[in-house]
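The file my_file06.cif comes next; it holds mmCIF, C-alpha atoms (C1' of nucleotides).
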data_protein
loop_
_atom_site.label_atom_id
_atom_site.label_comp_id
_atom_site.auth_asym_id
_atom_site.auth_seq_id
_atom_site.Cartn_x
_atom_site.Cartn_y
_atom_site.Cartn_z
CA MET A 1 -11.22 6.73 16.51
CA ASP A 2 -7.56 7.18 17.16
CA LEU A 3 -5.72 7.07 13.88
CA GLN A 4 -2.36 7.48 15.44
CA GLN A 5 0.44 5.14 16.46
CA ASN A 6 1.30 2.23 14.26
CA LYS A 7 4.50 0.69 15.54
CA LYS A 8 4.51 -2.92 14.40
CA SER A 9 6.06 -4.55 17.43
CA GLU A 10 5.11 -2.30 20.29
CA ASN A 11 3.10 -3.13 23.32
CA THR A 12 0.82 -0.17 22.75
CA ALA A 13 -2.46 -1.31 21.25
CA PRO A 14 -2.40 -0.20 17.63
CA CYS A 15 -5.26 1.63 16.00
CA PRO A 16 -7.66 -0.84 14.38
CA PHE A 17 -8.20 1.46 11.44
CA ARG A 18 -4.49 1.63 10.71
CA GLU A 19 -4.27 -2.13 11.03
CA ALA A 20 -7.10 -2.55 8.58
CA MET A 21 -5.52 -0.06 6.21
CA ASP A 22 -2.19 -1.84 6.44
CA LEU A 23 -3.91 -5.03 5.41
CA ILE A 24 -5.93 -3.47 2.63
CA SER A 25 -2.88 -1.61 1.39
CA GLY A 26 -1.19 -4.78 0.25
CA LYS A 27 -0.49 -4.45 -3.43
CA TRP A 28 -2.51 -7.54 -4.38
CA THR A 29 -4.74 -7.98 -1.35
CA MET A 30 -7.93 -6.43 -2.59
CA SER A 31 -7.65 -7.96 -6.04
CA ILE A 32 -7.36 -11.39 -4.50
CA ILE A 33 -10.24 -10.79 -2.12
CA ASN A 34 -12.31 -9.39 -4.93
CA ASN A 35 -11.70 -12.48 -7.01
CA LEU A 36 -12.62 -14.72 -4.11
CA MET A 37 -15.88 -12.83 -3.65
CA THR A 38 -17.24 -14.93 -6.50
CA GLY A 39 -16.45 -18.14 -4.65
CA LYS A 40 -13.83 -20.78 -3.97
CA MET A 41 -10.80 -20.75 -6.21
CA ARG A 42 -7.75 -22.93 -6.72
CA PHE A 43 -4.22 -21.58 -6.56
CA LYS A 44 -3.56 -21.61 -10.29
CA GLU A 45 -6.97 -20.17 -10.95
CA LEU A 46 -6.17 -17.22 -8.71
CA GLU A 47 -2.76 -16.81 -10.27
CA ARG A 48 -4.43 -16.46 -13.63
CA SER A 49 -7.17 -14.16 -12.37
CA VAL A 50 -4.94 -11.70 -10.59
CA ALA A 51 -3.12 -10.39 -13.63
CA GLY A 52 0.47 -9.41 -13.11
CA ILE A 53 1.02 -11.34 -9.90
CA ASN A 54 3.60 -14.11 -9.75
CA THR A 55 3.72 -17.32 -7.76
CA ARG A 56 5.89 -16.01 -4.97
CA MET A 57 3.74 -12.98 -4.35
CA LEU A 58 0.50 -14.92 -4.48
CA VAL A 59 1.79 -17.45 -1.98
CA LYS A 60 2.92 -14.67 0.30
CA GLU A 61 -0.35 -12.80 0.11
CA LEU A 62 -2.42 -15.93 0.61
CA LYS A 63 -0.43 -16.88 3.68
CA GLU A 64 -0.86 -13.46 5.17
CA LEU A 65 -4.56 -13.42 4.46
CA GLU A 66 -4.94 -16.88 5.93
CA SER A 67 -3.03 -15.91 9.07
CA LYS A 68 -5.41 -12.99 9.51
CA GLN A 69 -8.42 -15.23 9.02
CA ILE A 70 -9.54 -13.41 5.92
CA ILE A 71 -9.37 -16.47 3.75
CA CYS A 72 -9.52 -20.19 4.32
CA ARG A 73 -7.17 -22.74 2.76
CA GLU A 74 -8.33 -26.28 2.05
CA ALA A 75 -5.84 -28.81 0.73
CA PHE A 76 -6.84 -32.13 -0.80
CA ALA A 77 -4.43 -35.05 -1.06
CA THR A 78 -5.09 -35.65 -4.72
CA VAL A 79 -2.55 -36.22 -7.47
CA PRO A 80 -1.78 -33.66 -8.59
CA PRO A 81 -2.51 -31.69 -5.43
CA THR A 82 -5.63 -29.55 -5.14
CA VAL A 83 -5.86 -26.50 -2.92
CA GLU A 84 -8.89 -24.34 -2.64
CA TYR A 85 -9.06 -20.85 -1.22
CA SER A 86 -12.22 -19.16 -0.05
CA LEU A 87 -13.23 -16.16 2.01
CA THR A 88 -14.06 -16.52 5.66
CA GLU A 89 -16.93 -14.53 7.11
CA LYS A 90 -14.39 -11.90 8.07
CA GLY A 91 -13.26 -11.81 4.48
CA LYS A 92 -16.77 -11.63 3.10
CA ALA A 93 -17.43 -8.74 5.46
CA LEU A 94 -15.04 -6.73 3.33
CA ARG A 95 -17.57 -6.61 0.51
CA PRO A 96 -19.00 -3.21 1.53
CA VAL A 97 -15.48 -1.79 1.48
CA LEU A 98 -14.92 -3.18 -2.00
CA ILE A 99 -18.22 -1.78 -3.14
CA GLU A 100 -17.55 1.70 -1.79
CA VAL A 101 -14.12 1.77 -3.38
CA GLN A 102 -15.57 0.68 -6.69
CA LYS A 103 -18.35 3.23 -6.49
CA TRP A 104 -15.85 5.94 -5.75
CA ALA A 105 -13.54 4.79 -8.51
CA LEU A 106 -16.33 4.96 -11.06
CA ASN A 107 -17.69 8.31 -9.95
CA ASN A 108 -14.33 9.97 -9.47
CA PRO A 109 -11.96 9.07 -12.29
CA LEU A 110 -8.29 9.63 -11.52
CA ASN A 111 -7.09 10.08 -15.08
CA GLN A 112 -5.22 13.35 -15.33
CA ASP A 113 -6.02 13.50 -19.04
CA GLN A 114 -9.58 14.33 -18.12
CA LEU A 115 -8.78 17.69 -16.62
CA MET B 1 -15.52 -4.48 -13.50
CA ASP B 2 -12.22 -5.52 -14.90
CA LEU B 3 -9.73 -5.80 -12.09
CA GLN B 4 -6.91 -6.78 -14.35
CA GLN B 5 -4.04 -4.93 -15.99
CA ASN B 6 -2.28 -2.21 -14.12
CA LYS B 7 0.79 -1.29 -16.11
CA LYS B 8 1.72 2.22 -15.06
CA SER B 9 2.88 3.60 -18.37
CA GLU B 10 0.92 1.62 -20.90
CA ASN B 11 -1.54 2.88 -23.42
CA THR B 12 -4.10 0.34 -22.32
CA ALA B 13 -6.72 2.00 -20.14
CA PRO B 14 -6.08 0.81 -16.60
CA CYS B 15 -8.79 -0.57 -14.35
CA PRO B 16 -10.33 2.25 -12.29
CA PHE B 17 -10.61 0.00 -9.27
CA ARG B 18 -6.91 -0.76 -9.35
CA GLU B 19 -6.15 2.90 -9.78
CA ALA B 20 -8.28 3.74 -6.78
CA MET B 21 -6.66 1.00 -4.76
CA ASP B 22 -3.20 2.19 -5.73
CA LEU B 23 -4.13 5.60 -4.42
CA ILE B 24 -5.73 4.36 -1.24
CA SER B 25 -2.83 2.00 -0.64
CA GLY B 26 -0.45 4.84 0.00
CA LYS B 27 0.99 4.35 3.46
CA TRP B 28 -0.22 7.73 4.73
CA THR B 29 -2.96 8.57 2.27
CA MET B 30 -6.01 7.55 4.21
CA SER B 31 -4.73 8.96 7.48
CA ILE B 32 -4.26 12.32 5.84
CA ILE B 33 -7.64 12.21 4.18
CA ASN B 34 -9.24 11.13 7.39
CA ASN B 35 -7.71 14.05 9.21
CA LEU B 36 -8.88 16.45 6.54
CA MET B 37 -12.42 15.11 6.85
CA THR B 38 -12.75 17.35 9.89
CA GLY B 39 -11.88 20.42 7.84
CA LYS B 40 -9.12 22.62 6.53
CA MET B 41 -5.71 22.10 8.05
CA ARG B 42 -2.32 23.75 7.82
CA PHE B 43 0.84 21.86 6.93
CA LYS B 44 2.30 21.74 10.40
CA GLU B 45 -1.05 20.84 11.84
CA LEU B 46 -1.25 17.84 9.55
CA GLU B 47 2.30 16.87 10.32
CA ARG B 48 1.39 16.75 13.99
CA SER B 49 -1.88 14.91 13.40
CA VAL B 50 -0.52 12.15 11.23
CA ALA B 51 1.69 10.51 13.81
CA GLY B 52 4.88 9.00 12.53
CA ILE B 53 5.00 10.86 9.25
CA ASN B 54 7.88 13.20 8.47
CA THR B 55 8.06 16.38 6.43
CA ARG B 56 9.33 14.78 3.27
CA MET B 57 6.65 12.13 3.21
CA LEU B 58 3.88 14.56 4.00
CA VAL B 59 4.96 16.89 1.23
CA LYS B 60 5.11 14.01 -1.20
CA GLU B 61 1.70 12.66 -0.24
CA LEU B 62 0.09 16.09 -0.34
CA LYS B 63 1.48 16.74 -3.80
CA GLU B 64 0.21 13.45 -5.08
CA LEU B 65 -3.22 13.99 -3.56
CA GLU B 66 -3.34 17.48 -4.99
CA SER B 67 -2.37 16.28 -8.45
CA LYS B 68 -5.20 13.78 -8.28
CA GLN B 69 -7.64 16.46 -7.20
CA ILE B 70 -8.32 14.80 -3.89
CA ILE B 71 -7.19 17.77 -1.88
CA CYS B 72 -6.88 21.48 -2.48
CA ARG B 73 -3.87 23.58 -1.54
CA GLU B 74 -4.28 27.26 -0.69
CA ALA B 75 -1.19 29.35 -0.02
CA PHE B 76 -1.29 32.76 1.62
CA ALA B 77 1.55 35.24 1.29
CA THR B 78 1.81 35.90 4.98
CA VAL B 79 4.95 36.05 7.09
CA PRO B 80 5.56 33.37 8.08
CA PRO B 81 3.83 31.59 5.20
CA THR B 82 0.44 29.97 5.65
CA VAL B 83 -0.77 27.03 3.59
CA GLU B 84 -4.08 25.35 4.07
CA TYR B 85 -5.11 21.97 2.79
CA SER B 86 -8.68 20.83 2.38
CA LEU B 87 -10.57 18.06 0.68
CA THR B 88 -12.11 18.58 -2.72
CA GLU B 89 -15.52 17.11 -3.47
CA LYS B 90 -13.70 14.13 -4.90
CA GLY B 91 -11.85 13.80 -1.62
CA LYS B 92 -14.95 14.17 0.48
CA ALA B 93 -16.56 11.46 -1.62
CA LEU B 94 -14.12 9.05 -0.01
CA ARG B 95 -15.94 9.31 3.29
CA PRO B 96 -18.10 6.21 2.69
CA VAL B 97 -14.93 4.24 1.99
CA LEU B 98 -13.41 5.45 5.23
CA ILE B 99 -16.55 4.57 7.10
CA GLU B 100 -16.77 1.07 5.70
CA VAL B 101 -13.13 0.39 6.51
CA GLN B 102 -13.64 1.66 10.03
CA LYS B 103 -16.78 -0.42 10.47
CA TRP B 104 -14.96 -3.49 9.24
CA ALA B 105 -11.95 -2.78 11.43
CA LEU B 106 -14.12 -2.55 14.52
CA ASN B 107 -16.21 -5.62 13.80
CA ASN B 108 -13.34 -7.78 12.62
CA PRO B 109 -10.32 -7.33 14.83
CA LEU B 110 -7.05 -8.45 13.30
CA ASN B 111 -5.19 -9.12 16.52
CA GLN B 112 -3.94 -12.66 16.52
CA ASP B 113 -3.91 -12.66 20.30
CA GLN B 114 -7.67 -12.70 20.23
CA LEU B 115 -7.95 -16.13 18.70
"C1'" DC C 1 -0.73 -28.45 -9.56
"C1'" DA C 2 0.94 -26.02 -5.72
"C1'" DG C 3 4.11 -24.46 -4.11
"C1'" DT C 4 9.77 -23.45 -2.37
"C1'" DA C 5 14.33 -21.42 -2.93
"C1'" DT C 6 17.46 -17.92 -4.34
"C1'" DC C 7 19.19 -13.92 -6.33
"C1'" DC C 8 18.97 -9.04 -6.96
"C1'" DG C 9 17.67 -4.24 -8.16
"C1'" DC C 10 15.53 -0.11 -7.21
"C1'" DG C 11 12.32 2.66 -4.99
"C1'" DC C 12 10.12 3.76 -1.01
"C1'" DT C 13 11.02 5.62 3.30
"C1'" DG C 14 13.35 7.72 7.15
"C1'" DA C 15 16.83 10.92 9.09
"C1'" DT C 16 19.18 15.02 8.87
"C1'" DA C 17 20.42 19.52 7.37
"C1'" DC C 18 19.23 23.63 5.06
"C1'" DT C 19 16.21 27.77 2.92
"C1'" DG C 20 12.81 31.67 1.82
"C1'" DC D 1 5.96 28.06 8.89
"C1'" DA D 2 6.32 25.44 4.83
"C1'" DG D 3 8.80 23.43 2.60
"C1'" DT D 4 13.61 21.56 -0.38
"C1'" DA D 5 17.89 18.74 -0.82
"C1'" DT D 6 20.69 14.87 -0.07
"C1'" DC D 7 22.11 10.46 1.57
"C1'" DA D 8 21.68 5.86 3.06
"C1'" DG D 9 19.35 1.16 3.94
"C1'" DC D 10 16.44 -2.36 3.52
"C1'" DG D 11 12.62 -4.56 2.14
"C1'" DC D 12 9.22 -5.14 -1.39
"C1'" DG D 13 8.58 -7.32 -5.29
"C1'" DG D 14 9.97 -9.42 -9.91
"C1'" DA D 15 12.38 -13.16 -12.49
"C1'" DT D 16 13.97 -17.60 -12.66
"C1'" DA D 17 14.84 -22.31 -11.41
"C1'" DC D 18 13.59 -26.24 -8.85
"C1'" DT D 19 10.47 -29.91 -6.06
"C1'" DG D 20 6.83 -33.29 -4.16
#

Same coordinates, now as structure tokens:
Amino acid sequence: MDLQQNKKSENTAPCPFREAMDLISGKWTMSIINNLMTGKMRFKELERSVAGINTRMLVKELKELESKQIICREAFATVPPTVEYSLTEKGKALRPVLIEVQKWALNNPLNQDQL
Amino acid sequence: MDLQQNKKSENTAPCPFREAMDLISGKWTMSIINNLMTGKMRFKELERSVAGINTRMLVKELKELESKQIICREAFATVPPTVEYSLTEKGKALRPVLIEVQKWALNNPLNQDQL
DNA sequence: CAGTATCCGCGCTGATACTG
DNA sequence: CAGTATCAGCGCGGATACTG
């Protein structure tokens, strides 16, 4: 696979791996996806689950993930409003990635104080 | 696994998954690692392989990866100097992650123009 | 509840020049 | 070749206030 070229707005077809990495590299992306692995969640629920994130960032991330068809947004015209987020099939397909990262993280601690 | 808390300089033990993701999220990290999967490489060789990167960034990334024991740096007192970088076992252990990301990238294209 | 709007710092990143 | 040093910008991301 060609890992090269990455120019955002070029007409050259970008490398799919780099595109995937760019997505995954989002500061909150994988935490959000990981939370959604357990099922549908509401906005506030996510905001509480993804510790450290704030409203603006969560909105931004969710929009990006929705635009890339990783998650699905369902709004209900209730009072007060209800919005539910869930993973699409494409999103669920990220589970093996999550799992491998977690496996690696557990088997290969990064703490320098363990040297 | 606890995906929460991530404070850089806190005394609370951070979540290993978040730590791993923070590492992986580096803009050039996975490209470098991926290149090193094929074997030892010299500095200039890497700089050429990782398209778009510049000296400063490569140096920075390599130092970080070395400090985290992902890669190994070997310097030889030749003229001109020779430095070889290679993956440690910890680095090689990232291969399944790479593979899963690549698999996902190929099976789940992100291009909007494919909708 | 589920967002939007605005302000703002600082850190990542790139470009360029220089060194042993 | 394998880096180091310095400068500049701009965009990410946090905090806060407001809205339907």

Going by the chain IDs and residue numbers used in this file, which residues fall under the PyMOL selection byres ((chain D and resi 13) around 12)? Write them as a PDB file with C-alpha atoms (C1' of nucleotides), keeping the file's coordinate frame.
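Output saved as selection-v3.pdb:
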ATOM      1  CA  GLY A  26      -1.190  -4.780   0.250  1.00  0.00           C
ATOM      2  CA  LYS A  27      -0.490  -4.450  -3.430  1.00  0.00           C
ATOM      3  CA  TRP A  28      -2.510  -7.540  -4.380  1.00  0.00           C
ATOM      4  CA  GLY A  52       0.470  -9.410 -13.110  1.00  0.00           C
ATOM      5  CA  ILE A  53       1.020 -11.340  -9.900  1.00  0.00           C
ATOM      6  CA  ASN A  54       3.600 -14.110  -9.750  1.00  0.00           C
ATOM      7  CA  THR A  55       3.720 -17.320  -7.760  1.00  0.00           C
ATOM      8  CA  ARG A  56       5.890 -16.010  -4.970  1.00  0.00           C
ATOM      9  CA  MET A  57       3.740 -12.980  -4.350  1.00  0.00           C
ATOM     10  CA  LEU A  58       0.500 -14.920  -4.480  1.00  0.00           C
ATOM     11  CA  LYS A  60       2.920 -14.670   0.300  1.00  0.00           C
ATOM     12  CA  GLU A  61      -0.350 -12.800   0.110  1.00  0.00           C
TER      13      GLU A  61
ATOM     14  C1'  DC C   8      18.970  -9.040  -6.960  1.00  0.00           C
ATOM     15  C1'  DG C   9      17.670  -4.240  -8.160  1.00  0.00           C
ATOM     16  C1'  DC C  10      15.530  -0.110  -7.210  1.00  0.00           C
ATOM     17  C1'  DG C  11      12.320   2.660  -4.990  1.00  0.00           C
ATOM     18  C1'  DC C  12      10.120   3.760  -1.010  1.00  0.00           C
TER      19       DC C  12
ATOM     20  C1'  DG D  11      12.620  -4.560   2.140  1.00  0.00           C
ATOM     21  C1'  DC D  12       9.220  -5.140  -1.390  1.00  0.00           C
ATOM     22  C1'  DG D  14       9.970  -9.420  -9.910  1.00  0.00           C
ATOM     23  C1'  DA D  15      12.380 -13.160 -12.490  1.00  0.00           C
TER      24       DA D  15
END

At a cut-off of 12 Å, which residues of chain C touch chain B? Count only C-alpha atoms (C1' of nucleotides) and give the answer as a short mmCIF file (atom, residue, chain, number, x, y, z; two decimals) with C-alpha atoms (C1' of nucleotides), in the frame of the given file.
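Final output, saved to result_34.cif:
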data_model
loop_
_atom_site.label_atom_id
_atom_site.label_comp_id
_atom_site.auth_asym_id
_atom_site.auth_seq_id
_atom_site.Cartn_x
_atom_site.Cartn_y
_atom_site.Cartn_z
"C1'" DC C 12 10.12 3.76 -1.01
"C1'" DT C 13 11.02 5.62 3.30
"C1'" DG C 14 13.35 7.72 7.15
"C1'" DA C 15 16.83 10.92 9.09
"C1'" DT C 16 19.18 15.02 8.87
"C1'" DG C 20 12.81 31.67 1.82
#

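Between CA of Gly91 (chain A) and CA of Met21 (chain A) the interatomic distance comes to 14.2 Å.
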
* **Among the residues B:Gln102, B:Asn108, B:Thr29, B:Thr82, the one that comes closest to chain D [using only C-alpha atoms (C1' of nucleotides)]** =>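 Among the listed residues, B:Thr82 lies closest to chain D.
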
* **B:Ser49, B:Thr78, B:Asn34, B:Ser86 ranked by distance to Ile99 (chain B), top pick (using only C-alpha atoms)** =>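 Result for the nearest residue to Ile99 (chain B): B:Asn34.
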